[in-house]
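**Student:** Got data_23.cif for you, mmCIF, C-alpha atoms and all ligand atoms:
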```
data_input
#
loop_
_atom_site.label_atom_id
_atom_site.label_comp_id
_atom_site.auth_asym_id
_atom_site.auth_seq_id
_atom_site.Cartn_x
_atom_site.Cartn_y
_atom_site.Cartn_z
CA MET A 114 31.05 -83.10 129.16
CA LEU A 115 28.22 -85.29 130.38
CA ALA A 116 27.53 -84.95 134.05
CA LYS A 117 26.21 -88.48 134.46
CA LYS A 118 27.53 -91.72 133.09
CA ASN A 119 26.32 -92.83 129.68
CA ILE A 120 24.42 -96.05 130.42
CA ARG A 121 25.26 -97.47 127.01
CA GLU A 122 28.95 -97.50 127.94
CA PHE A 123 28.07 -100.36 130.29
CA ASN A 124 28.13 -103.93 129.05
CA LEU A 125 25.77 -106.51 130.52
CA PRO A 126 28.08 -107.84 133.28
CA GLU A 127 28.81 -104.24 134.33
CA LEU A 128 25.11 -103.41 134.43
CA LYS A 129 24.42 -106.52 136.49
CA GLU A 130 27.12 -105.44 138.90
CA TYR A 131 25.56 -102.00 139.18
CA PHE A 132 22.07 -103.37 139.85
CA GLU A 133 23.43 -105.66 142.54
CA SER A 134 25.38 -102.84 144.13
CA VAL A 135 22.20 -100.83 144.59
CA GLY A 136 20.28 -103.82 145.94
CA ASP A 137 18.28 -104.57 142.79
CA LYS A 138 17.84 -107.89 141.06
CA LYS A 139 20.23 -108.94 138.30
CA PHE A 140 17.43 -109.71 135.87
CA ARG A 141 16.51 -106.03 135.93
CA ALA A 142 19.88 -105.47 134.30
CA ILE A 143 18.91 -107.89 131.54
CA GLN A 144 15.61 -106.09 131.04
CA THR A 145 17.35 -102.72 130.93
CA TYR A 146 19.94 -104.03 128.49
CA GLU A 147 17.17 -105.29 126.23
CA TRP A 148 15.55 -101.88 126.27
CA LEU A 149 18.84 -100.31 125.31
CA TRP A 150 19.97 -102.66 122.57
CA LYS A 151 16.99 -104.69 121.33
CA LYS A 152 14.15 -102.24 121.65
CA ASN A 153 16.32 -99.17 121.10
CA ALA A 154 14.69 -97.17 123.89
CA ARG A 155 15.63 -93.50 123.77
CA SER A 156 14.54 -92.61 127.28
CA PHE A 157 14.20 -94.36 130.62
CA ASP A 158 10.46 -93.56 130.57
CA GLU A 159 9.96 -96.02 127.73
CA MET A 160 11.19 -98.94 129.85
CA SER A 161 7.67 -99.93 130.81
CA ASN A 162 8.43 -103.23 132.53
CA LEU A 163 10.65 -101.47 135.08
CA SER A 164 8.99 -99.82 138.07
CA LEU A 165 8.59 -96.08 138.03
CA GLU A 166 10.91 -95.90 141.01
CA LEU A 167 13.65 -97.83 139.22
CA ARG A 168 13.27 -95.73 136.08
CA GLN A 169 13.68 -92.59 138.16
CA LYS A 170 16.72 -94.03 139.89
CA LEU A 171 18.32 -94.87 136.54
CA ALA A 172 17.58 -91.42 135.20
CA GLN A 173 19.25 -89.86 138.23
CA GLU A 174 22.32 -92.01 137.89
CA PHE A 175 22.75 -92.25 134.12
CA ASP A 176 22.32 -90.41 130.88
CA LEU A 177 20.77 -92.08 127.88
CA VAL A 178 22.22 -89.93 125.14
CA ALA A 179 20.41 -90.77 121.96
CA LEU A 180 20.60 -89.31 118.50
CA ARG A 181 17.39 -87.63 117.34
CA VAL A 182 16.04 -87.29 113.84
CA ASP A 183 16.03 -83.58 113.10
CA ALA A 184 14.77 -83.62 109.51
CA SER A 185 14.24 -86.09 106.66
CA GLN A 186 14.18 -85.59 102.92
CA HIS A 187 12.87 -87.97 100.28
CA SER A 188 14.46 -88.17 96.85
CA SER A 189 12.41 -88.91 93.76
CA ASP A 190 14.40 -92.18 93.42
CA GLY A 191 13.37 -93.40 96.88
CA THR A 192 16.57 -92.42 98.66
CA LEU A 193 15.93 -90.92 102.05
CA LYS A 194 18.33 -88.58 103.80
CA SER A 195 18.03 -88.07 107.53
CA ARG A 196 19.64 -85.30 109.45
CA PHE A 197 20.40 -86.31 113.00
CA LYS A 198 21.06 -84.07 115.96
CA THR A 199 23.57 -85.08 118.63
CA HIS A 200 23.08 -84.40 122.34
CA ASP A 201 25.51 -81.45 122.07
CA GLY A 202 23.73 -79.85 119.13
CA HIS A 203 25.78 -81.03 116.15
CA MET A 204 24.13 -82.21 112.95
CA ILE A 205 25.18 -85.29 111.01
CA GLU A 206 23.62 -87.08 108.08
CA GLY A 207 22.76 -90.64 107.18
CA VAL A 208 21.11 -92.02 104.06
CA LEU A 209 18.77 -94.94 103.35
CA ILE A 210 19.26 -96.25 99.82
CA PRO A 211 16.66 -98.72 98.57
CA THR A 212 17.30 -100.87 95.51
CA GLU A 213 15.38 -103.87 94.21
CA LYS A 214 17.26 -106.34 96.36
CA ARG A 215 18.78 -104.25 99.11
CA ASN A 216 18.03 -101.57 101.64
CA THR A 217 21.36 -100.01 102.44
CA ALA A 218 22.10 -97.53 105.22
CA CYS A 219 24.98 -95.13 104.68
CA VAL A 220 26.22 -93.76 108.00
CA SER A 221 28.60 -91.09 109.23
CA SER A 222 31.55 -91.77 111.50
CA GLN A 223 32.67 -88.24 112.36
CA ILE A 224 31.17 -84.75 112.63
CA GLY A 225 32.87 -83.14 109.65
CA CYS A 226 36.18 -84.60 108.48
CA SER A 227 39.85 -83.87 109.05
CA LEU A 228 40.84 -84.97 105.55
CA SER A 229 40.31 -82.49 102.77
CA CYS A 230 39.78 -84.54 99.66
CA LYS A 231 39.44 -81.92 96.97
CA PHE A 232 36.22 -83.25 95.43
CA CYS A 233 34.23 -83.95 98.60
CA ALA A 234 31.67 -81.67 100.30
CA THR A 235 32.42 -83.02 103.77
CA GLY A 236 36.08 -82.23 103.09
CA LEU A 237 35.17 -78.55 103.04
CA MET A 238 34.07 -78.79 106.68
CA ASP A 239 36.35 -78.97 109.69
CA ARG A 240 36.31 -82.06 111.82
CA LYS A 241 34.34 -81.14 114.93
CA ARG A 242 34.64 -84.40 116.82
CA ASN A 243 34.44 -88.15 116.49
CA LEU A 244 31.05 -89.78 116.86
CA GLY A 245 30.59 -92.11 119.81
CA PHE A 246 29.91 -95.77 119.08
CA ASP A 247 26.35 -95.29 120.32
CA GLU A 248 25.82 -92.36 117.96
CA ILE A 249 26.95 -94.45 115.00
CA TYR A 250 24.75 -97.30 116.18
CA ASP A 251 21.77 -94.95 116.53
CA GLN A 252 22.02 -93.89 112.89
CA VAL A 253 21.72 -97.54 111.90
CA ALA A 254 18.87 -98.19 114.34
CA LEU A 255 16.95 -95.09 113.22
CA LEU A 256 17.45 -95.83 109.51
CA ASN A 257 16.35 -99.39 110.21
CA GLU A 258 13.15 -98.08 111.76
CA GLU A 259 12.66 -95.88 108.72
CA SER A 260 13.28 -98.84 106.43
CA ASN A 261 10.58 -100.80 108.24
CA ARG A 262 8.16 -97.91 108.20
CA VAL A 263 8.58 -97.13 104.50
CA TYR A 264 9.56 -100.46 102.94
CA GLY A 265 8.29 -102.98 105.46
CA HIS A 266 11.60 -104.70 106.10
CA ASN A 267 14.93 -104.37 107.86
CA LEU A 268 18.12 -102.96 106.43
CA THR A 269 20.07 -105.52 104.45
CA ASN A 270 23.42 -103.68 104.22
CA ILE A 271 25.37 -100.96 105.95
CA VAL A 272 28.11 -98.83 104.46
CA TYR A 273 30.35 -96.48 106.44
CA MET A 274 30.44 -94.00 103.60
CA GLY A 275 28.80 -90.95 105.14
CA MET A 276 30.63 -88.04 106.69
CA GLY A 277 34.09 -88.58 108.13
CA GLU A 278 36.95 -91.05 107.93
CA PRO A 279 35.99 -94.22 109.80
CA LEU A 280 39.56 -95.39 110.37
CA LEU A 281 40.38 -92.14 112.18
CA ASN A 282 37.61 -93.03 114.65
CA TYR A 283 38.72 -96.62 114.85
CA LYS A 284 37.56 -97.70 118.30
CA ASN A 285 34.06 -96.30 118.02
CA VAL A 286 33.57 -97.68 114.52
CA LEU A 287 34.56 -101.17 115.64
CA ARG A 288 32.46 -100.94 118.76
CA SER A 289 29.43 -99.79 116.75
CA ILE A 290 29.85 -102.80 114.46
CA GLU A 291 30.14 -105.07 117.48
CA ARG A 292 26.69 -103.82 118.59
CA ILE A 293 25.15 -103.97 115.10
CA THR A 294 26.28 -107.57 114.72
CA ALA A 295 25.68 -108.74 118.32
CA SER A 296 23.03 -111.41 118.80
CA ASP A 297 21.67 -109.48 121.81
CA SER A 298 21.23 -106.44 119.58
CA MET A 299 20.62 -106.04 115.82
CA ASN A 300 22.25 -109.34 114.89
CA MET A 301 23.35 -108.34 111.39
CA SER A 302 25.96 -110.30 109.53
CA PRO A 303 29.34 -108.50 109.34
CA LYS A 304 29.50 -109.67 105.72
CA ARG A 305 26.81 -107.09 105.00
CA ILE A 306 28.85 -104.23 106.40
CA THR A 307 31.44 -102.26 104.42
CA VAL A 308 33.78 -99.68 105.89
CA SER A 309 35.14 -97.22 103.35
CA THR A 310 38.48 -95.51 103.89
CA ALA A 311 40.44 -92.78 102.18
CA GLY A 312 43.44 -94.99 103.01
CA VAL A 313 45.07 -95.01 106.45
CA ALA A 314 47.64 -97.77 105.96
CA LYS A 315 48.44 -98.33 109.63
CA MET A 316 44.78 -98.73 110.56
CA ILE A 317 44.08 -101.04 107.62
CA LYS A 318 46.78 -103.31 109.06
CA GLN A 319 45.22 -102.91 112.49
CA LEU A 320 41.91 -104.21 111.06
CA GLY A 321 43.85 -107.27 109.95
CA ASP A 322 45.42 -107.73 113.38
CA ASP A 323 41.99 -107.35 114.96
CA GLN A 324 40.64 -110.05 112.63
CA VAL A 325 37.55 -108.05 111.79
CA ARG A 326 34.83 -109.76 109.76
CA PHE A 327 33.41 -106.88 107.76
CA ASN A 328 34.41 -105.73 104.28
CA LEU A 329 36.64 -102.89 103.29
CA ALA A 330 36.47 -100.34 100.48
CA LEU A 331 39.42 -98.17 99.52
CA SER A 332 38.73 -94.79 97.93
CA LEU A 333 41.55 -94.93 95.41
CA HIS A 334 40.37 -92.36 92.83
CA ALA A 335 43.79 -92.07 91.19
CA ALA A 336 46.38 -94.75 90.53
CA THR A 337 49.65 -92.80 90.61
CA ASP A 338 51.00 -90.93 93.63
CA GLU A 339 51.40 -87.78 91.60
CA LYS A 340 47.71 -87.66 90.72
CA ARG A 341 46.45 -88.97 94.02
CA ASN A 342 48.46 -86.39 96.00
CA ARG A 343 46.69 -83.72 94.03
CA ILE A 344 43.16 -84.75 94.95
CA MET A 345 43.66 -86.57 98.26
CA ALA A 346 46.21 -85.00 100.60
CA ILE A 347 46.23 -88.14 102.74
CA ASN A 348 48.21 -89.81 99.96
CA GLU A 349 51.27 -87.77 100.91
CA THR A 350 51.61 -89.81 104.11
CA ASN A 351 49.85 -92.98 102.91
CA ASN A 352 51.04 -93.53 99.38
CA ILE A 353 49.77 -96.13 96.97
CA GLN A 354 52.58 -98.61 97.70
CA ALA A 355 51.87 -98.37 101.45
CA LEU A 356 48.17 -98.98 100.76
CA ILE A 357 48.92 -101.96 98.53
CA GLU A 358 51.00 -103.50 101.32
CA ALA A 359 48.38 -102.75 103.97
CA LEU A 360 45.55 -104.24 101.89
CA ASN A 361 47.53 -107.40 101.23
CA TYR A 362 48.19 -107.68 104.94
CA PHE A 363 44.48 -107.14 105.70
CA TYR A 364 43.48 -109.76 103.18
CA ASP A 365 46.00 -112.34 104.39
CA LYS A 366 44.70 -111.98 107.92
CA THR A 367 40.95 -111.81 107.24
CA LYS A 368 40.08 -112.95 103.70
CA ASN A 369 37.36 -110.31 103.74
CA ASP A 370 36.24 -108.57 100.55
CA ILE A 371 38.10 -105.50 99.38
CA THR A 372 36.55 -103.10 96.87
CA LEU A 373 38.32 -100.26 95.12
CA GLU A 374 36.35 -97.08 94.58
CA TYR A 375 37.20 -94.78 91.72
CA VAL A 376 35.22 -91.61 91.16
CA LEU A 377 35.56 -90.32 87.61
CA LEU A 378 36.57 -86.66 87.41
CA GLN A 379 36.57 -85.17 83.96
CA GLY A 380 40.06 -84.44 82.65
CA GLU A 381 41.62 -85.40 85.97
CA ASN A 382 41.68 -89.19 86.28
CA ASP A 383 39.54 -90.51 83.41
CA SER A 384 41.95 -90.99 80.48
CA LEU A 385 43.03 -94.35 79.07
CA GLU A 386 46.45 -93.75 80.61
CA ASP A 387 44.75 -93.41 83.97
CA ALA A 388 42.87 -96.64 83.28
CA ALA A 389 46.17 -98.39 82.44
CA GLU A 390 47.66 -97.23 85.77
CA LEU A 391 44.55 -98.44 87.55
CA VAL A 392 44.93 -101.90 86.00
CA LYS A 393 48.49 -102.07 87.37
CA VAL A 394 47.39 -101.19 90.89
CA TYR A 395 44.38 -103.53 90.69
CA ARG A 396 46.69 -106.46 89.95
CA LYS A 397 48.67 -105.83 93.12
CA ILE A 398 45.66 -105.79 95.41
CA PRO A 399 43.56 -108.82 96.41
CA THR A 400 40.39 -107.05 95.38
CA HIS A 401 37.40 -108.51 93.63
CA LEU A 402 35.85 -105.34 92.26
CA VAL A 403 36.39 -101.78 91.09
CA ASN A 404 33.37 -99.56 91.61
CA VAL A 405 33.53 -96.72 89.13
CA ILE A 406 31.55 -93.93 90.77
CA GLU A 407 29.75 -91.15 89.02
CA TYR A 408 30.90 -87.81 90.47
CA ASN A 409 28.25 -85.71 92.20
CA ALA A 410 28.58 -81.99 91.79
CA VAL A 411 29.31 -80.04 94.95
CA ALA A 412 28.70 -76.30 95.25
CA GLY A 413 32.00 -74.46 95.49
CA ILE A 414 34.03 -77.31 93.98
CA ASP A 415 35.16 -77.14 90.37
CA PHE A 416 35.33 -80.83 89.48
CA VAL A 417 32.93 -82.05 86.83
CA LYS A 418 31.73 -85.57 86.28
CA THR A 419 33.00 -87.55 83.32
CA GLY A 420 30.49 -87.85 80.49
CA GLU A 421 28.74 -91.07 79.47
CA ASP A 422 30.97 -91.76 76.47
CA GLN A 423 34.26 -91.41 78.33
CA THR A 424 32.87 -93.43 81.24
CA GLU A 425 32.10 -96.20 78.77
CA ILE A 426 35.56 -96.01 77.17
CA PHE A 427 37.25 -96.04 80.59
CA THR A 428 35.29 -98.98 81.97
CA LYS A 429 35.57 -100.95 78.73
CA TYR A 430 39.36 -100.63 78.91
CA LEU A 431 39.25 -101.99 82.46
CA ALA A 432 36.96 -104.86 81.53
CA ASP A 433 39.14 -105.70 78.49
CA HIS A 434 42.08 -105.97 80.89
CA LYS A 435 40.28 -108.45 83.13
CA VAL A 436 39.27 -105.98 85.79
CA ASN A 437 35.96 -106.78 87.42
CA VAL A 438 34.31 -103.39 87.11
CA ARG A 439 30.89 -102.01 87.92
CA VAL A 440 29.57 -98.51 87.32
CA ARG A 441 27.78 -97.04 90.31
CA ARG A 442 25.06 -94.62 89.38
CA SER A 443 24.52 -91.99 91.92
CA ARG A 444 21.40 -91.94 94.06
CA GLY A 445 19.60 -89.17 95.87
CA LYS A 446 21.21 -86.38 93.88
CA ASP A 447 18.16 -84.12 93.99
CA ILE A 448 18.37 -83.92 97.78
CA ASP A 449 22.18 -83.73 98.10
CA ALA A 450 22.20 -87.21 99.60
CA ALA A 451 24.68 -88.69 97.16
CA CYS A 452 28.27 -89.66 97.95
CA GLY A 453 30.38 -86.71 98.94
CA GLN A 454 27.44 -84.35 99.24
CA LEU A 455 26.76 -84.72 102.93
CA ALA A 456 27.55 -81.42 104.57
CA ASN A 457 24.51 -80.12 106.43
CA LYS A 458 23.46 -77.23 104.41
CA GLY A 459 20.55 -76.92 106.79
N1 LIG B 501 36.23 -91.17 104.33
C1 LIG B 501 35.77 -92.37 103.73
C2 LIG B 501 34.28 -92.52 103.66
C3 LIG B 501 33.45 -91.33 103.22
S1 LIG B 501 33.24 -90.92 101.53
C4 LIG B 501 36.38 -92.55 102.35
O1 LIG B 501 37.06 -91.66 101.91
O2 LIG B 501 36.24 -93.61 101.78
C5 LIG B 501 32.48 -92.22 100.67
C6 LIG B 501 32.90 -92.25 99.22
O3 LIG B 501 32.37 -91.15 98.44
C7 LIG B 501 34.41 -92.16 99.02
O4 LIG B 501 34.83 -93.05 98.05
C8 LIG B 501 34.58 -90.73 98.56
O5 LIG B 501 35.80 -90.53 97.93
C9 LIG B 501 33.40 -90.59 97.64
N2 LIG B 501 33.06 -89.21 97.30
C10 LIG B 501 33.37 -88.10 97.97
N3 LIG B 501 32.86 -87.02 97.35
C11 LIG B 501 32.21 -87.48 96.27
C12 LIG B 501 31.44 -86.84 95.25
N4 LIG B 501 31.23 -85.55 95.26
N5 LIG B 501 30.89 -87.62 94.30
C13 LIG B 501 31.06 -88.96 94.31
N6 LIG B 501 31.75 -89.62 95.26
C14 LIG B 501 32.33 -88.88 96.24
#
```
Translate the structure described by the file into structure tokens.

**Tutor:**
Amino acid sequence: MLAKKNIREFNLPELKEYFESVGDKKFRAIQTYEWLWKKNARSFDEMSNLSLELRQKLAQEFDLVALRVDASQHSSDGTLKSRFKTHDGHMIEGVLIPTEKRNTACVSSQIGCSLSCKFCATGLMDRKRNLGFDEIYDQVALLNEESNRVYGHNLTNIVYMGMGEPLLNYKNVLRSIERITASDSMNMSPKRITVSTAGVAKMIKQLGDDQVRFNLALSLHAATDEKRNRIMAINETNNIQALIEALNYFYDKTKNDITLEYVLLQGENDSLEDAAELVKVYRKIPTHLVNVIEYNAVAGIDFVKTGEDQTEIFTKYLADHKVNVRVRRSRGKDIDAACGQLANKG
């Protein structure tokens, strides 16, 4: 428990109210808010246009709990993994993935994960707690700083595909995106943000009701309930039919992009029969794309990635059946920064 109030829980009108209540000028609230959300200050000391006295008063009254970079690793392909430390000593990971046209940040939404997808490294960990909206925001801000330092420009895209299930930390995820997209903060377009879910039907519908403006990715990975139950336990309570209905609802309400993700596991979900089932599901979902993902090996997990030839056969079948399909090569494998490998090995 934090003893003091987290200053970033306060919106601008609330901060103005506070400054007035202690006899300070309202514009000090604006300055402070800028330090928090435009300049990403990580301590009150940095707020150099506030008097020393005011900075001390703020530090007495509030906490500024910021994520810190604990360690960074560079992959030979340019991918950069950062390990972040939370104020209460937990470690989480975020990844910066540069390509020719994009600089994408992949961020975590929870410490660990409560789902135990059989192929995923994070799934081997327990869920410790949800991340606060400010902790999710900090990963983006810190990776953005890194992007500027190394590549000379801002992030272009953000994916919620790190550790955890974003839709089981719904409020904080939405609030972090509000900050990332706010004109008084990072001002990114929501069209450049994708939230990836293992499939929580009720919360997918909630996204529709909340008229969100970012994109959604569903980790499908198997196109029959029998197979999906085997690798993703969440399917037992959120089956494929429920997900189809939820995604149609989401699309009707928002018209935002939906992507299906399908990681190829050798001998598990990569046969032509599996492809045929995937085509059937694809046709029932208002999706524009299937991302076929190369599986990344995880220590202690027996799944093996599908070979090149079978990947080609599988994706050709999809393309021949009018599925818009793209193969996603994995990045950052040499530093365990690839999808499903984030687990803080230290
Ligand atoms: N919980 C969310 C987001 C985190 S995982 C979700 O399930 O979508 C991001 C993506 O990586 C998901 O599609 C997930 O299934 C996939 N993934 C997990 N482990 C993987 C691995 N070892 N190799 C490749 N992709 C993996």

**Student:** Can you pull out every residue within 8 Å of range 153-163 of chain A, counting only C-alpha atoms, but drop anything in the same chain fewer than 5 positions away, and send it as a list in words?

**Tutor:** Arg141, Gln144, Thr145, Trp148, Arg168, Gln169, Leu171, Ala172, Leu177, Val178, Ala179 and Ala254 of chain A

**Student:** For the interface of chain A with ligand LIG 501 (chain B) (cut-off 8 Å, counting only C-alpha atoms and all ligand atoms), please tabulate each contacting residue of chain A alongside its nearest pair of atoms and their separation in Å to one decimal, rows sorted by chain and increasing number, as a Markdown table.

**Tutor:**
```
| residue | atom | partner | partner_atom | distance |
| --- | --- | --- | --- | --- |
| A:Ser221 | CA | B:LIG501 | C3 | 7.7 |
| A:Cys226 | CA | B:LIG501 | N1 | 7.8 |
| A:Leu228 | CA | B:LIG501 | N1 | 7.8 |
| A:Cys230 | CA | B:LIG501 | O5 | 7.4 |
| A:Phe232 | CA | B:LIG501 | N3 | 5.4 |
| A:Cys233 | CA | B:LIG501 | N3 | 3.6 |
| A:Ala234 | CA | B:LIG501 | N3 | 6.2 |
| A:Thr235 | CA | B:LIG501 | N3 | 7.6 |
| A:Tyr273 | CA | B:LIG501 | C2 | 6.2 |
| A:Met274 | CA | B:LIG501 | C5 | 4.0 |
| A:Gly275 | CA | B:LIG501 | C3 | 5.0 |
| A:Met276 | CA | B:LIG501 | C3 | 5.6 |
| A:Gly277 | CA | B:LIG501 | N1 | 5.1 |
| A:Glu278 | CA | B:LIG501 | N1 | 3.7 |
| A:Pro279 | CA | B:LIG501 | N1 | 6.3 |
| A:Val308 | CA | B:LIG501 | C2 | 7.5 |
| A:Ser309 | CA | B:LIG501 | O2 | 4.1 |
| A:Thr310 | CA | B:LIG501 | O2 | 3.6 |
| A:Ala311 | CA | B:LIG501 | O1 | 3.6 |
| A:Gly312 | CA | B:LIG501 | O1 | 7.3 |
| A:Ala330 | CA | B:LIG501 | O2 | 6.9 |
| A:Leu331 | CA | B:LIG501 | O2 | 6.0 |
| A:Ser332 | CA | B:LIG501 | O4 | 4.3 |
| A:Leu333 | CA | B:LIG501 | O4 | 7.5 |
| A:His334 | CA | B:LIG501 | O5 | 7.1 |
| A:Glu374 | CA | B:LIG501 | O4 | 5.5 |
| A:Tyr375 | CA | B:LIG501 | O4 | 7.0 |
| A:Val376 | CA | B:LIG501 | N6 | 5.7 |
| A:Ile406 | CA | B:LIG501 | C13 | 6.1 |
| A:Glu407 | CA | B:LIG501 | C13 | 5.9 |
| A:Tyr408 | CA | B:LIG501 | N5 | 3.8 |
| A:Asn409 | CA | B:LIG501 | N5 | 3.9 |
| A:Ala410 | CA | B:LIG501 | N4 | 5.6 |
| A:Val411 | CA | B:LIG501 | N4 | 5.8 |
| A:Ser443 | CA | B:LIG501 | C13 | 7.6 |
| A:Ala451 | CA | B:LIG501 | N5 | 6.9 |
| A:Cys452 | CA | B:LIG501 | O3 | 4.4 |
| A:Gly453 | CA | B:LIG501 | N3 | 3.0 |
| A:Gln454 | CA | B:LIG501 | N4 | 5.6 |
```

**Student:** Please report the interatomic distance between CA of Val440 in chain A and CA of Asp387 in chain A in Å with one decimal.

**Tutor:**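 Spanning CA of Val440 in chain A to CA of Asp387 in chain A is a straight-line distance of 16.4 Å.
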
**Student:** Tell me which of A:Val263, A:Phe246, A:Ser298, A:Asn328 sits closest to Asn282 in chain A, counting only C-alpha atoms.

**Tutor:**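 Smallest distance to Asn282 in chain A is found for A:Phe246.
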
**Student:** Which protein, DNA or RNA residues have an atom at most 12 Å from (19.3, -91.9, 119.9), counting all atoms listed in the file? List them as an MDAnalysis selection string.

**Tutor:** chainID A and resid 121 149:150 152:156 176:183 197:200 245:256 258

**Student:** Export C-alpha atoms of the chosen residues as a PDB file, keeping the file's coordinate frame?

**Tutor:**
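And here is the file that came out, selection.pdb:
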```
ATOM      1  CA  ARG A 121      25.260 -97.470 127.010  1.00  0.00           C
ATOM      2  CA  LEU A 149      18.840-100.310 125.310  1.00  0.00           C
ATOM      3  CA  TRP A 150      19.970-102.660 122.570  1.00  0.00           C
ATOM      4  CA  LYS A 152      14.150-102.240 121.650  1.00  0.00           C
ATOM      5  CA  ASN A 153      16.320 -99.170 121.100  1.00  0.00           C
ATOM      6  CA  ALA A 154      14.690 -97.170 123.890  1.00  0.00           C
ATOM      7  CA  ARG A 155      15.630 -93.500 123.770  1.00  0.00           C
ATOM      8  CA  SER A 156      14.540 -92.610 127.280  1.00  0.00           C
ATOM      9  CA  ASP A 176      22.320 -90.410 130.880  1.00  0.00           C
ATOM     10  CA  LEU A 177      20.770 -92.080 127.880  1.00  0.00           C
ATOM     11  CA  VAL A 178      22.220 -89.930 125.140  1.00  0.00           C
ATOM     12  CA  ALA A 179      20.410 -90.770 121.960  1.00  0.00           C
ATOM     13  CA  LEU A 180      20.600 -89.310 118.500  1.00  0.00           C
ATOM     14  CA  ARG A 181      17.390 -87.630 117.340  1.00  0.00           C
ATOM     15  CA  VAL A 182      16.040 -87.290 113.840  1.00  0.00           C
ATOM     16  CA  ASP A 183      16.030 -83.580 113.100  1.00  0.00           C
ATOM     17  CA  PHE A 197      20.400 -86.310 113.000  1.00  0.00           C
ATOM     18  CA  LYS A 198      21.060 -84.070 115.960  1.00  0.00           C
ATOM     19  CA  THR A 199      23.570 -85.080 118.630  1.00  0.00           C
ATOM     20  CA  HIS A 200      23.080 -84.400 122.340  1.00  0.00           C
ATOM     21  CA  GLY A 245      30.590 -92.110 119.810  1.00  0.00           C
ATOM     22  CA  PHE A 246      29.910 -95.770 119.080  1.00  0.00           C
ATOM     23  CA  ASP A 247      26.350 -95.290 120.320  1.00  0.00           C
ATOM     24  CA  GLU A 248      25.820 -92.360 117.960  1.00  0.00           C
ATOM     25  CA  ILE A 249      26.950 -94.450 115.000  1.00  0.00           C
ATOM     26  CA  TYR A 250      24.750 -97.300 116.180  1.00  0.00           C
ATOM     27  CA  ASP A 251      21.770 -94.950 116.530  1.00  0.00           C
ATOM     28  CA  GLN A 252      22.020 -93.890 112.890  1.00  0.00           C
ATOM     29  CA  VAL A 253      21.720 -97.540 111.900  1.00  0.00           C
ATOM     30  CA  ALA A 254      18.870 -98.190 114.340  1.00  0.00           C
ATOM     31  CA  LEU A 255      16.950 -95.090 113.220  1.00  0.00           C
ATOM     32  CA  LEU A 256      17.450 -95.830 109.510  1.00  0.00           C
ATOM     33  CA  GLU A 258      13.150 -98.080 111.760  1.00  0.00           C
TER      34      GLU A 258
END
```

**Student:** Using all atoms listed in the file, find the one residue out of A:Phe427, A:Ala142, A:Ser164, A:Ala355 that sits nearest to Ala314 in chain A.

**Tutor:**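 Using all atoms listed in the file, Ala314 in chain A sits closest to A:Ala355.
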
**Student:** Under the rule that all atoms listed in the file are counted, which of A:Gly413, A:Lys446, A:Tyr131, A:Lys315 is the nearest residue to Lys194 in chain A?

**Tutor:**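 Among the listed residues, A:Lys446 lies closest to Lys194 in chain A.
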
**Student:** From the list A:Met299, A:Ile290, A:Lys340, A:Thr192, which residue is nearest Ser260 in chain A when using all atoms listed in the file?

**Tutor:**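 Ranking A:Met299, A:Ile290, A:Lys340, A:Thr192 by distance to Ser260 in chain A, first place goes to A:Thr192.
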
**Student:** Of the residues A:Ala116, A:Leu431, A:Met238, A:Ile371, which is the one nearest to Asp383 in chain A, using all atoms listed in the file?

**Tutor:**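 Of A:Ala116, A:Leu431, A:Met238, A:Ile371, the one nearest Asp383 in chain A is A:Leu431, counting all atoms listed in the file.
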
**Student:** Between CA of Lys231 in chain A and CA of Gln379 in chain A, what is the spacing in Å?

**Tutor:**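 Spanning CA of Gln379 in chain A to CA of Lys231 in chain A is a straight-line distance of 13.7 Å.
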
**Student:** If I take CA of Tyr364 in chain A and CA of Ile398 in chain A, how far is one from the other in Å, to one decimal?

**Tutor:**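 We find that CA of Tyr364 in chain A and CA of Ile398 in chain A lie 9.0 Å from each other.
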
**Student:** Around range 340-357 of chain A, fit a box with edges along x, y and z, padding it by 6 Å on each side, then list its centre and edge lengths in Å to one decimal as AutoDock Vina command-line options.

**Tutor:**
```
--center_x 47.9 --center_y -92.8 --center_z 97.4 --size_x 21.4 --size_y 30.2 --size_z 25.4
```

**Student:** With all atoms listed in the file as the counted atoms, please give the residues lying no more than 10 Å from Ala388 in chain A, apart from itself and same-chain residues fewer than 6 positions off, as a list of chain:residue names.

**Tutor:**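 After dropping sequence-adjacent residues, the list is A:Ala335, A:Ala336, A:Asn382, A:Val394, A:Ile426, A:Phe427, A:Thr428, A:Lys429, A:Tyr430, A:Leu431, A:His434.
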